[in-house]
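run08.pdb (PDB, C-alpha atoms, pLDDT in the B column)
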ATOM      1  CA  MET Q   1      68.140  -4.810  24.158  1.00 42.00           C
ATOM      2  CA  SER Q   2      68.916  -7.598  21.687  1.00 42.00           C
ATOM      3  CA  SER Q   3      65.822  -9.600  22.669  1.00 61.00           C
ATOM      4  CA  LEU Q   4      63.442  -6.841  21.571  1.00 91.00           C
ATOM      5  CA  THR Q   5      61.191  -7.503  18.590  1.00 96.00           C
ATOM      6  CA  ARG Q   6      61.708  -5.375  15.505  1.00 97.00           C
ATOM      7  CA  PRO Q   7      59.052  -2.813  14.645  1.00 98.00           C
ATOM      8  CA  LYS Q   8      57.565  -3.591  11.229  1.00 98.00           C
ATOM      9  CA  VAL Q   9      57.949   0.025  10.099  1.00 98.00           C
ATOM     10  CA  LEU Q  10      60.209   2.853  11.240  1.00 98.00           C
ATOM     11  CA  PHE Q  11      58.543   6.252  10.831  1.00 98.00           C
ATOM     12  CA  PHE Q  12      60.818   9.299  10.831  1.00 98.00           C
ATOM     13  CA  ASP Q  13      60.007  12.866  11.674  1.00 98.00           C
ATOM     14  CA  VAL Q  14      61.812  15.158   9.226  1.00 97.00           C
ATOM     15  CA  ASN Q  15      62.684  18.675  10.437  1.00 93.00           C
ATOM     16  CA  GLU Q  16      65.420  18.580  13.075  1.00 94.00           C
ATOM     17  CA  THR Q  17      65.273  14.773  13.304  1.00 98.00           C
ATOM     18  CA  LEU Q  18      66.771  14.207   9.838  1.00 98.00           C
ATOM     19  CA  LEU Q  19      67.402  17.732   8.559  1.00 97.00           C
ATOM     20  CA  ASP Q  20      69.658  20.339  10.142  1.00 96.00           C
ATOM     21  CA  LEU Q  21      67.809  23.625  10.725  1.00 91.00           C
ATOM     22  CA  THR Q  22      70.942  25.816  10.954  1.00 89.00           C
ATOM     23  CA  ILE Q  23      70.406  27.419   7.513  1.00 88.00           C
ATOM     24  CA  MET Q  24      66.767  28.085   8.334  1.00 88.00           C
ATOM     25  CA  LYS Q  25      67.810  29.619  11.665  1.00 85.00           C
ATOM     26  CA  LYS Q  26      69.988  32.105   9.765  1.00 87.00           C
ATOM     27  CA  GLN Q  27      67.229  33.063   7.279  1.00 89.00           C
ATOM     28  CA  VAL Q  28      64.520  33.381   9.915  1.00 91.00           C
ATOM     29  CA  GLY Q  29      66.986  35.242  12.148  1.00 91.00           C
ATOM     30  CA  ASP Q  30      67.722  37.688   9.329  1.00 92.00           C
ATOM     31  CA  ALA Q  31      63.995  38.327   8.890  1.00 94.00           C
ATOM     32  CA  LEU Q  32      63.763  39.032  12.626  1.00 94.00           C
ATOM     33  CA  GLY Q  33      66.400  41.755  12.550  1.00 92.00           C
ATOM     34  CA  GLY Q  34      69.375  39.423  12.885  1.00 91.00           C
ATOM     35  CA  ASN Q  35      68.118  37.845  16.114  1.00 88.00           C
ATOM     36  CA  GLU Q  36      68.649  34.094  15.652  1.00 80.00           C
ATOM     37  CA  ALA Q  37      67.767  33.534  19.312  1.00 83.00           C
ATOM     38  CA  LEU Q  38      64.111  34.051  18.302  1.00 90.00           C
ATOM     39  CA  LEU Q  39      64.089  30.884  16.165  1.00 85.00           C
ATOM     40  CA  SER Q  40      62.906  28.648  19.016  1.00 84.00           C
ATOM     41  CA  LEU Q  41      60.104  31.115  19.820  1.00 92.00           C
ATOM     42  CA  TRP Q  42      59.082  31.118  16.154  1.00 93.00           C
ATOM     43  CA  PHE Q  43      59.155  27.290  16.000  1.00 89.00           C
ATOM     44  CA  THR Q  44      57.080  26.854  19.176  1.00 92.00           C
ATOM     45  CA  THR Q  45      54.621  29.521  17.971  1.00 97.00           C
ATOM     46  CA  MET Q  46      54.259  27.605  14.697  1.00 95.00           C
ATOM     47  CA  LEU Q  47      53.589  24.363  16.593  1.00 94.00           C
ATOM     48  CA  GLN Q  48      51.148  26.085  18.942  1.00 97.00           C
ATOM     49  CA  TYR Q  49      49.095  27.487  16.091  1.00 98.00           C
ATOM     50  CA  SER Q  50      49.202  24.247  14.089  1.00 97.00           C
ATOM     51  CA  LEU Q  51      47.449  22.687  17.092  1.00 96.00           C
ATOM     52  CA  VAL Q  52      45.048  25.637  17.362  1.00 98.00           C
ATOM     53  CA  VAL Q  53      44.121  25.122  13.701  1.00 98.00           C
ATOM     54  CA  SER Q  54      43.645  21.356  14.179  1.00 97.00           C
ATOM     55  CA  ALA Q  55      41.721  21.745  17.448  1.00 96.00           C
ATOM     56  CA  SER Q  56      39.360  24.154  15.675  1.00 97.00           C
ATOM     57  CA  GLY Q  57      38.619  21.623  12.948  1.00 96.00           C
ATOM     58  CA  ARG Q  58      40.469  23.636  10.289  1.00 97.00           C
ATOM     59  CA  TYR Q  59      43.449  22.987   8.055  1.00 97.00           C
ATOM     60  CA  GLN Q  60      46.158  25.278   6.717  1.00 96.00           C
ATOM     61  CA  PRO Q  61      49.462  24.128   5.182  1.00 95.00           C
ATOM     62  CA  PHE Q  62      52.252  23.947   7.761  1.00 93.00           C
ATOM     63  CA  GLY Q  63      54.321  26.439   5.764  1.00 93.00           C
ATOM     64  CA  HIS Q  64      51.486  28.982   5.882  1.00 96.00           C
ATOM     65  CA  ILE Q  65      51.211  28.542   9.648  1.00 97.00           C
ATOM     66  CA  GLY Q  66      54.989  28.948   9.882  1.00 95.00           C
ATOM     67  CA  ALA Q  67      54.784  32.181   7.885  1.00 97.00           C
ATOM     68  CA  ALA Q  68      51.965  33.500  10.094  1.00 98.00           C
ATOM     69  CA  ALA Q  69      54.020  32.640  13.207  1.00 97.00           C
ATOM     70  CA  LEU Q  70      56.952  34.532  11.697  1.00 97.00           C
ATOM     71  CA  GLN Q  71      54.731  37.592  11.235  1.00 98.00           C
ATOM     72  CA  MET Q  72      53.600  37.333  14.872  1.00 98.00           C
ATOM     73  CA  VAL Q  73      57.108  37.014  16.345  1.00 97.00           C
ATOM     74  CA  ALA Q  74      58.318  39.826  14.068  1.00 97.00           C
ATOM     75  CA  ALA Q  75      55.461  42.096  15.174  1.00 97.00           C
ATOM     76  CA  ASN Q  76      56.604  41.670  18.792  1.00 95.00           C
ATOM     77  CA  GLN Q  77      59.982  43.031  17.663  1.00 94.00           C
ATOM     78  CA  ASP Q  78      58.279  45.958  15.881  1.00 96.00           C
ATOM     79  CA  ILE Q  79      59.146  44.396  12.508  1.00 96.00           C
ATOM     80  CA  THR Q  80      56.435  44.244   9.834  1.00 97.00           C
ATOM     81  CA  ILE Q  81      56.568  41.337   7.372  1.00 97.00           C
ATOM     82  CA  THR Q  82      53.854  40.904   4.738  1.00 97.00           C
ATOM     83  CA  GLU Q  83      52.130  37.545   4.338  1.00 97.00           C
ATOM     84  CA  ASP Q  84      53.701  37.015   0.892  1.00 97.00           C
ATOM     85  CA  LYS Q  85      57.188  37.881   2.162  1.00 96.00           C
ATOM     86  CA  ALA Q  86      56.802  35.643   5.223  1.00 97.00           C
ATOM     87  CA  ARG Q  87      55.672  32.699   3.072  1.00 96.00           C
ATOM     88  CA  ASP Q  88      58.548  33.279   0.683  1.00 94.00           C
ATOM     89  CA  ILE Q  89      61.076  33.247   3.550  1.00 93.00           C
ATOM     90  CA  ILE Q  90      59.675  30.060   5.116  1.00 91.00           C
ATOM     91  CA  VAL Q  91      59.283  28.146   1.831  1.00 87.00           C
ATOM     92  CA  ASN Q  92      62.826  29.005   0.718  1.00 86.00           C
ATOM     93  CA  ALA Q  93      64.306  28.279   4.139  1.00 87.00           C
ATOM     94  CA  MET Q  94      62.641  24.865   4.345  1.00 86.00           C
ATOM     95  CA  GLN Q  95      63.551  23.617   0.872  1.00 84.00           C
ATOM     96  CA  ASN Q  96      67.335  23.263   1.140  1.00 82.00           C
ATOM     97  CA  LEU Q  97      68.004  21.971   4.634  1.00 93.00           C
ATOM     98  CA  PRO Q  98      70.938  19.524   4.686  1.00 96.00           C
ATOM     99  CA  PRO Q  99      70.687  16.238   6.583  1.00 98.00           C
ATOM    100  CA  HIS Q 100      72.594  15.960   9.853  1.00 98.00           C
ATOM    101  CA  PRO Q 101      76.051  14.412   9.197  1.00 98.00           C
ATOM    102  CA  GLU Q 102      75.204  10.876  10.396  1.00 98.00           C
ATOM    103  CA  VAL Q 103      71.750  10.600   8.811  1.00 98.00           C
ATOM    104  CA  LYS Q 104      72.485   9.049   5.407  1.00 98.00           C
ATOM    105  CA  GLU Q 105      74.734   6.314   6.783  1.00 98.00           C
ATOM    106  CA  ALA Q 106      72.234   5.496   9.551  1.00 98.00           C
ATOM    107  CA  LEU Q 107      69.352   5.256   7.062  1.00 98.00           C
ATOM    108  CA  ALA Q 108      71.459   3.164   4.672  1.00 98.00           C
ATOM    109  CA  ASN Q 109      72.358   0.735   7.473  1.00 98.00           C
ATOM    110  CA  LEU Q 110      68.737   0.333   8.540  1.00 98.00           C
ATOM    111  CA  LYS Q 111      67.525  -0.136   4.968  1.00 98.00           C
ATOM    112  CA  LYS Q 112      70.258  -2.664   4.196  1.00 98.00           C
ATOM    113  CA  ASP Q 113      69.236  -4.597   7.303  1.00 98.00           C
ATOM    114  CA  GLY Q 114      65.691  -4.974   5.995  1.00 98.00           C
ATOM    115  CA  TYR Q 115      63.804  -2.242   7.824  1.00 98.00           C
ATOM    116  CA  THR Q 116      60.929  -0.426   6.097  1.00 98.00           C
ATOM    117  CA  LEU Q 117      61.540   3.331   6.363  1.00 98.00           C
ATOM    118  CA  VAL Q 118      58.750   5.912   6.126  1.00 98.00           C
ATOM    119  CA  ALA Q 119      58.889   9.694   6.527  1.00 98.00           C
ATOM    120  CA  LEU Q 120      55.968  11.176   8.484  1.00 98.00           C
ATOM    121  CA  THR Q 121      55.826  14.961   8.487  1.00 97.00           C
ATOM    122  CA  ASN Q 122      53.617  17.940   9.281  1.00 96.00           C
ATOM    123  CA  SER Q 123      54.857  19.543   6.047  1.00 92.00           C
ATOM    124  CA  ASN Q 124      52.801  19.062   2.892  1.00 90.00           C
ATOM    125  CA  LYS Q 125      53.602  16.236   0.466  1.00 92.00           C
ATOM    126  CA  GLU Q 126      55.058  18.428  -2.265  1.00 91.00           C
ATOM    127  CA  SER Q 127      57.323  20.249   0.199  1.00 89.00           C
ATOM    128  CA  LEU Q 128      58.543  16.929   1.638  1.00 92.00           C
ATOM    129  CA  LYS Q 129      59.210  15.490  -1.816  1.00 94.00           C
ATOM    130  CA  ASN Q 130      61.191  18.573  -2.861  1.00 92.00           C
ATOM    131  CA  LYS Q 131      63.175  18.666   0.381  1.00 92.00           C
ATOM    132  CA  PHE Q 132      64.261  15.048   0.045  1.00 96.00           C
ATOM    133  CA  GLU Q 133      65.080  15.326  -3.658  1.00 95.00           C
ATOM    134  CA  ASN Q 134      67.162  18.454  -3.018  1.00 92.00           C
ATOM    135  CA  VAL Q 135      69.398  16.704  -0.481  1.00 94.00           C
ATOM    136  CA  GLY Q 136      69.408  13.132  -1.795  1.00 96.00           C
ATOM    137  CA  LEU Q 137      67.265  11.384   0.831  1.00 97.00           C
ATOM    138  CA  THR Q 138      64.433  10.065  -1.377  1.00 97.00           C
ATOM    139  CA  SER Q 139      66.042   6.694  -2.170  1.00 98.00           C
ATOM    140  CA  TYR Q 140      66.231   5.639   1.486  1.00 98.00           C
ATOM    141  CA  PHE Q 141      62.472   5.752   2.036  1.00 98.00           C
ATOM    142  CA  ASP Q 142      59.725   3.312   1.093  1.00 98.00           C
ATOM    143  CA  GLN Q 143      56.991   5.924   1.601  1.00 97.00           C
ATOM    144  CA  LEU Q 144      56.719   9.671   2.164  1.00 97.00           C
ATOM    145  CA  LEU Q 145      53.652  10.470   4.261  1.00 98.00           C
ATOM    146  CA  SER Q 146      52.266  13.947   4.923  1.00 97.00           C
ATOM    147  CA  ILE Q 147      49.529  14.797   7.416  1.00 97.00           C
ATOM    148  CA  GLU Q 148      47.937  16.714   4.533  1.00 95.00           C
ATOM    149  CA  SER Q 149      45.861  13.572   3.851  1.00 93.00           C
ATOM    150  CA  VAL Q 150      44.404  13.657   7.390  1.00 95.00           C
ATOM    151  CA  GLY Q 151      43.965  17.422   7.687  1.00 96.00           C
ATOM    152  CA  LYS Q 152      45.323  17.389  11.253  1.00 97.00           C
ATOM    153  CA  PHE Q 153      48.852  17.824  12.565  1.00 97.00           C
ATOM    154  CA  LYS Q 154      50.972  15.581  14.729  1.00 97.00           C
ATOM    155  CA  PRO Q 155      50.642  14.909  17.646  1.00 97.00           C
ATOM    156  CA  TYR Q 156      46.924  14.267  17.030  1.00 97.00           C
ATOM    157  CA  THR Q 157      46.230  10.539  17.579  1.00 98.00           C
ATOM    158  CA  GLU Q 158      44.338  10.402  14.263  1.00 97.00           C
ATOM    159  CA  VAL Q 159      47.586  11.116  12.398  1.00 98.00           C
ATOM    160  CA  TYR Q 160      49.435   8.140  13.903  1.00 98.00           C
ATOM    161  CA  ASN Q 161      46.385   5.891  13.420  1.00 98.00           C
ATOM    162  CA  TRP Q 162      46.146   6.963   9.776  1.00 98.00           C
ATOM    163  CA  ALA Q 163      49.858   6.317   9.165  1.00 98.00           C
ATOM    164  CA  ALA Q 164      49.633   2.814  10.674  1.00 98.00           C
ATOM    165  CA  THR Q 165      46.563   2.032   8.554  1.00 98.00           C
ATOM    166  CA  LYS Q 166      48.295   3.424   5.468  1.00 98.00           C
ATOM    167  CA  MET Q 167      51.137   0.928   5.990  1.00 98.00           C
ATOM    168  CA  ASN Q 168      48.627  -1.845   6.812  1.00 98.00           C
ATOM    169  CA  ILE Q 169      50.045  -2.544  10.279  1.00 98.00           C
ATOM    170  CA  LYS Q 170      48.932  -2.271  13.909  1.00 98.00           C
ATOM    171  CA  PRO Q 171      49.997   0.680  16.092  1.00 98.00           C
ATOM    172  CA  GLU Q 172      52.233  -1.536  18.233  1.00 98.00           C
ATOM    173  CA  GLU Q 173      54.148  -2.558  15.080  1.00 98.00           C
ATOM    174  CA  CYS Q 174      55.083   1.081  14.397  1.00 98.00           C
ATOM    175  CA  MET Q 175      58.043   3.005  15.800  1.00 98.00           C
ATOM    176  CA  LEU Q 176      58.417   6.774  15.516  1.00 98.00           C
ATOM    177  CA  ILE Q 177      61.926   8.210  15.511  1.00 99.00           C
ATOM    178  CA  ALA Q 178      61.856  11.930  16.290  1.00 98.00           C
ATOM    179  CA  ALA Q 179      63.796  14.756  17.923  1.00 98.00           C
ATOM    180  CA  HIS Q 180      60.697  16.374  19.458  1.00 97.00           C
ATOM    181  CA  GLY Q 181      59.293  15.462  22.852  1.00 98.00           C
ATOM    182  CA  TRP Q 182      55.743  16.322  21.758  1.00 97.00           C
ATOM    183  CA  ASP Q 183      55.990  14.012  18.729  1.00 98.00           C
ATOM    184  CA  VAL Q 184      57.264  10.918  20.550  1.00 98.00           C
ATOM    185  CA  ALA Q 185      54.683  11.584  23.298  1.00 98.00           C
ATOM    186  CA  GLY Q 186      51.899  11.646  20.706  1.00 98.00           C
ATOM    187  CA  ALA Q 187      53.140   8.421  19.140  1.00 98.00           C
ATOM    188  CA  LEU Q 188      53.442   6.610  22.482  1.00 98.00           C
ATOM    189  CA  TRP Q 189      49.953   7.690  23.531  1.00 98.00           C
ATOM    190  CA  ALA Q 190      48.676   6.391  20.166  1.00 98.00           C
ATOM    191  CA  GLY Q 191      50.058   2.946  21.038  1.00 98.00           C
ATOM    192  CA  TRP Q 192      53.263   3.203  18.995  1.00 98.00           C
ATOM    193  CA  ARG Q 193      56.815   2.516  20.064  1.00 98.00           C
ATOM    194  CA  ALA Q 194      59.256   5.437  19.915  1.00 98.00           C
ATOM    195  CA  ALA Q 195      62.921   6.416  19.816  1.00 98.00           C
ATOM    196  CA  PHE Q 196      64.035   9.915  20.787  1.00 98.00           C
ATOM    197  CA  VAL Q 197      66.909  11.713  19.078  1.00 98.00           C
ATOM    198  CA  SER Q 198      68.150  14.087  21.771  1.00 98.00           C
ATOM    199  CA  ARG Q 199      69.442  16.822  19.481  1.00 96.00           C
ATOM    200  CA  PRO Q 200      70.792  19.918  21.304  1.00 94.00           C
ATOM    201  CA  GLY Q 201      67.987  21.814  23.027  1.00 91.00           C
ATOM    202  CA  GLN Q 202      65.482  18.944  22.742  1.00 95.00           C
ATOM    203  CA  GLN Q 203      63.918  17.112  25.693  1.00 97.00           C
ATOM    204  CA  THR Q 204      61.296  14.427  26.191  1.00 98.00           C
ATOM    205  CA  PHE Q 205      58.071  15.411  27.961  1.00 98.00           C
ATOM    206  CA  PRO Q 206      58.290  14.184  31.593  1.00 98.00           C
ATOM    207  CA  LEU Q 207      54.549  13.389  31.767  1.00 98.00           C
ATOM    208  CA  ALA Q 208      54.676  11.059  28.734  1.00 98.00           C
ATOM    209  CA  PRO Q 209      55.687   7.386  28.760  1.00 97.00           C
ATOM    210  CA  GLN Q 210      59.415   6.827  28.286  1.00 97.00           C
ATOM    211  CA  THR Q 211      60.773   6.053  24.819  1.00 98.00           C
ATOM    212  CA  GLU Q 212      62.557   2.697  24.576  1.00 97.00           C
ATOM    213  CA  ILE Q 213      65.574   4.359  22.927  1.00 98.00           C
ATOM    214  CA  ASN Q 214      67.017   7.777  23.761  1.00 98.00           C
ATOM    215  CA  GLU Q 215      70.289   8.657  22.009  1.00 98.00           C
ATOM    216  CA  SER Q 216      72.062  11.811  20.831  1.00 98.00           C
ATOM    217  CA  ASP Q 217      72.100  11.007  17.109  1.00 98.00           C
ATOM    218  CA  LEU Q 218      70.506   8.772  14.506  1.00 98.00           C
ATOM    219  CA  GLN Q 219      73.493   6.459  14.046  1.00 98.00           C
ATOM    220  CA  LYS Q 220      73.417   5.521  17.740  1.00 98.00           C
ATOM    221  CA  ILE Q 221      69.696   4.756  17.436  1.00 98.00           C
ATOM    222  CA  ALA Q 222      70.330   2.715  14.264  1.00 98.00           C
ATOM    223  CA  ASP Q 223      73.056   0.713  16.025  1.00 98.00           C
ATOM    224  CA  ILE Q 224      70.552  -0.321  18.698  1.00 98.00           C
ATOM    225  CA  LEU Q 225      67.805  -1.119  16.175  1.00 98.00           C
ATOM    226  CA  LEU Q 226      70.201  -3.356  14.255  1.00 98.00           C
ATOM    227  CA  THR Q 227      70.414  -5.621  17.333  1.00 97.00           C
ATOM    228  CA  TYR Q 228      66.625  -6.176  17.391  1.00 97.00           C
ATOM    229  CA  LYS Q 229      65.472  -9.616  16.265  1.00 93.00           C
TER     230      LYS Q 229
END

Please, can you express the file's structure as structure tokens?
Amino acid sequence: MSSLTRPKVLFFDVNETLLDLTIMKKQVGDALGGNEALLSLWFTTMLQYSLVVSASGRYQPFGHIGAAALQMVAANQDITITEDKARDIIVNAMQNLPPHPEVKEALANLKKDGYTLVALTNSNKESLKNKFENVGLTSYFDQLLSIESVGKFKPYTEVYNWAATKMNIKPEECMLIAAHGWDVAGALWAGWRAAFVSRPGQQTFPLAPQTEINESDLQKIADILLTYK
């Protein structure tokens, strides 16, 4: 491990990777008649339709797609939620998500050691900025990047290419750190390096290349990255 070359930039996914979705689970669960078990269905429906939107050459804010997915999952439970109400629930739920317990120390250690840290999210720029300011994460990051500028969602290759260009580096000098198998797969196929945070319920995609780091939390990943030369 210690002989590995440092990536020039560490890019971090945000939701679930850095931020704990427990509060959101409760609010979305409440909207779905108290059924928190439907959160994963809602999240995968949101991801599915973000890709449908991108594949069709369209763009809608991630929060709007999340609200539409909430309406769809609710309808299958015979619950009607208006578009305005659904957007209100998703926006409020996404704005005050706390970081996982180890996140701030891990980010501080990486920053202190000279790494450049960048957030790369499917959420829009304003939402990302608010989220980080609300929970005190802004100061750890050199850049906050939203796919809004590209008009396509991760894991589209164009997003990773754009982010690398934005930081003026080559794909192989980038590393994505994420808790989603689809995200690290997209990064690896775009020529990036990747580290997987195996949060509960998350798995890597068996048909994708393996990530060079796979650990259960961000501090364990940071500890390995600190040994890179």

Legend entry - Residues in the PyMOL selection byres ((chain Q and resi 207-213) around 12), expressed as a PyMOL selection string: chain Q and resi 1+4-5+7+175-198+203-206+214-218+220-225+228

Please produce an output containing C-alpha atoms for each residue in the selection, written as a JSON list (two decimals), keeping the file's coordinate frame.
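Produced file selection_9.json, reproduced below:
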[["chain", "number", "residue", "atom", "x", "y", "z"],
["Q", 1, "MET", "CA", 68.14, -4.81, 24.16],
["Q", 4, "LEU", "CA", 63.44, -6.84, 21.57],
["Q", 5, "THR", "CA", 61.19, -7.50, 18.59],
["Q", 7, "PRO", "CA", 59.05, -2.81, 14.64],
["Q", 175, "MET", "CA", 58.04, 3.00, 15.80],
["Q", 176, "LEU", "CA", 58.42, 6.77, 15.52],
["Q", 177, "ILE", "CA", 61.93, 8.21, 15.51],
["Q", 178, "ALA", "CA", 61.86, 11.93, 16.29],
["Q", 179, "ALA", "CA", 63.80, 14.76, 17.92],
["Q", 180, "HIS", "CA", 60.70, 16.37, 19.46],
["Q", 181, "GLY", "CA", 59.29, 15.46, 22.85],
["Q", 182, "TRP", "CA", 55.74, 16.32, 21.76],
["Q", 183, "ASP", "CA", 55.99, 14.01, 18.73],
["Q", 184, "VAL", "CA", 57.26, 10.92, 20.55],
["Q", 185, "ALA", "CA", 54.68, 11.58, 23.30],
["Q", 186, "GLY", "CA", 51.90, 11.65, 20.71],
["Q", 187, "ALA", "CA", 53.14, 8.42, 19.14],
["Q", 188, "LEU", "CA", 53.44, 6.61, 22.48],
["Q", 189, "TRP", "CA", 49.95, 7.69, 23.53],
["Q", 190, "ALA", "CA", 48.68, 6.39, 20.17],
["Q", 191, "GLY", "CA", 50.06, 2.95, 21.04],
["Q", 192, "TRP", "CA", 53.26, 3.20, 19.00],
["Q", 193, "ARG", "CA", 56.82, 2.52, 20.06],
["Q", 194, "ALA", "CA", 59.26, 5.44, 19.92],
["Q", 195, "ALA", "CA", 62.92, 6.42, 19.82],
["Q", 196, "PHE", "CA", 64.04, 9.91, 20.79],
["Q", 197, "VAL", "CA", 66.91, 11.71, 19.08],
["Q", 198, "SER", "CA", 68.15, 14.09, 21.77],
["Q", 203, "GLN", "CA", 63.92, 17.11, 25.69],
["Q", 204, "THR", "CA", 61.30, 14.43, 26.19],
["Q", 205, "PHE", "CA", 58.07, 15.41, 27.96],
["Q", 206, "PRO", "CA", 58.29, 14.18, 31.59],
["Q", 214, "ASN", "CA", 67.02, 7.78, 23.76],
["Q", 215, "GLU", "CA", 70.29, 8.66, 22.01],
["Q", 216, "SER", "CA", 72.06, 11.81, 20.83],
["Q", 217, "ASP", "CA", 72.10, 11.01, 17.11],
["Q", 218, "LEU", "CA", 70.51, 8.77, 14.51],
["Q", 220, "LYS", "CA", 73.42, 5.52, 17.74],
["Q", 221, "ILE", "CA", 69.70, 4.76, 17.44],
["Q", 222, "ALA", "CA", 70.33, 2.72, 14.26],
["Q", 223, "ASP", "CA", 73.06, 0.71, 16.02],
["Q", 224, "ILE", "CA", 70.55, -0.32, 18.70],
["Q", 225, "LEU", "CA", 67.81, -1.12, 16.18],
["Q", 228, "TYR", "CA", 66.62, -6.18, 17.39]]

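Here the question is which of Q:Ala75, Q:Ser127, Q:Leu32, Q:Asn161 gets nearest to Glu173 (chain Q) using all atoms listed in the file, and that residue is Q:Asn161.
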
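Atom pair CA of Leu128 (chain Q) / CA of Leu18 (chain Q) has a distance of 11.9 Å (rounded to one decimal).
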
Using only C-alpha atoms, the shortest atom-to-atom distance to Tyr59 (chain Q) among Q:Leu21, Q:Met167, Q:Leu226, Q:Ile147 belongs to Q:Ile147

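Here the PyMOL selection byres ((chain Q and resi 86) around 10) matches the residues Val28, Ala31, Gly63, His64, Gly66, Ala67, Ala68, Ala69, Leu70, Gln71, Ala74, Thr80, Ile81, Thr82, Glu83, Asp84, Lys85, Arg87, Asp88, Ile89, Ile90 and Val91 of chain Q.
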
Closest atom pairs, region 116-182 of chain Q residues within 10 Å of region 46-53 of chain Q, all atoms listed in the file, as a tab-separated table:
residue	atom	partner	partner_atom	distance
Q:Asn122	CA	Q:Ser50	CA	9.1
Q:Gly151	CA	Q:Val53	CA	9.8
Q:Lys152	CA	Q:Leu51	CA	8.2
Q:Phe153	CA	Q:Ser50	CA	6.6
Q:Lys154	CA	Q:Leu51	CA	8.3
Q:Pro155	CA	Q:Leu51	CA	8.4
Q:Tyr156	CA	Q:Leu51	CA	8.4
Q:Trp182	CA	Q:Leu47	CA	9.8

Run the PyMOL selection byres ((chain Q and resi 169) around 12) against the file shown and list the residues it catches, as a list in words. Pro7, Lys8, Val9, Leu10, Thr116, Tyr160, Asn161, Trp162, Ala163, Ala164, Thr165, Lys166, Met167, Asn168, Lys170, Pro171, Glu172, Glu173, Cys174, Met175 and Trp192 of chain Q

Residues proximal to (70.8, 4.9, -2.9) were defined as those with any atom within 8 Å of that point in the file's coordinates, counting all atoms listed in the file. Which are they, as a compact mmCIF listing (two decimals) with C-alpha atoms, in the frame of the given file?
# COMPACT_ATOMS: atom_id res chain seq x y z
CA ALA Q 108 71.46 3.16 4.67
CA SER Q 139 66.04 6.69 -2.17
CA TYR Q 140 66.23 5.64 1.49

- prompt: Counting only C-alpha atoms, what is within 12 Å of Met24 (chain Q), bar same-chain residues fewer than 6 positions away, as number ranges by chain?
  reply: Q: 15-16, 30-31, 36, 38-40, 42-43, 66, 89-98

Go ahead and write the selection's residues with C-alpha atoms as an mmCIF file, in the coordinates of the input.
data_model
loop_
_atom_site.group_PDB
_atom_site.id
_atom_site.type_symbol
_atom_site.label_atom_id
_atom_site.label_comp_id
_atom_site.auth_asym_id
_atom_site.auth_seq_id
_atom_site.Cartn_x
_atom_site.Cartn_y
_atom_site.Cartn_z
ATOM 1 C CA ASN Q 15 62.684 18.675 10.437
ATOM 2 C CA GLU Q 16 65.420 18.580 13.075
ATOM 3 C CA ASP Q 30 67.722 37.688 9.329
ATOM 4 C CA ALA Q 31 63.995 38.327 8.890
ATOM 5 C CA GLU Q 36 68.649 34.094 15.652
ATOM 6 C CA LEU Q 38 64.111 34.051 18.302
ATOM 7 C CA LEU Q 39 64.089 30.884 16.165
ATOM 8 C CA SER Q 40 62.906 28.648 19.016
ATOM 9 C CA TRP Q 42 59.082 31.118 16.154
ATOM 10 C CA PHE Q 43 59.155 27.290 16.000
ATOM 11 C CA GLY Q 66 54.989 28.948 9.882
ATOM 12 C CA ILE Q 89 61.076 33.247 3.550
ATOM 13 C CA ILE Q 90 59.675 30.060 5.116
ATOM 14 C CA VAL Q 91 59.283 28.146 1.831
ATOM 15 C CA ASN Q 92 62.826 29.005 0.718
ATOM 16 C CA ALA Q 93 64.306 28.279 4.139
ATOM 17 C CA MET Q 94 62.641 24.865 4.345
ATOM 18 C CA GLN Q 95 63.551 23.617 0.872
ATOM 19 C CA ASN Q 96 67.335 23.263 1.140
ATOM 20 C CA LEU Q 97 68.004 21.971 4.634
ATOM 21 C CA PRO Q 98 70.938 19.524 4.686
#

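Pairwise distance (CA of Asn124 (chain Q), CA of Leu137 (chain Q)) equals 16.5 Å.
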
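Coordinates place CA of Met72 (chain Q) at a distance of 25.5 Å from CA of Asp13 (chain Q).
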
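Using only C-alpha atoms, the smallest distance between any of Q:Leu120, Q:Val135, Q:Val73, Q:Ala37 and Val103 (chain Q) comes from Q:Val135.
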
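Nearest to Thr121 (chain Q) of all the residues Q:Thr138, Q:Thr17, Q:Glu102, Q:Thr227 is Q:Thr17, counting only C-alpha atoms.
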
Box dimensions and centre (Å, one decimal) enclosing region 195-214 of chain Q, axis-aligned, 4 Å extra per side, as JSON:
{"center_x": 62.7, "center_y": 12.3, "center_z": 25.4, "size_x": 24.2, "size_y": 27.1, "size_z": 20.7}
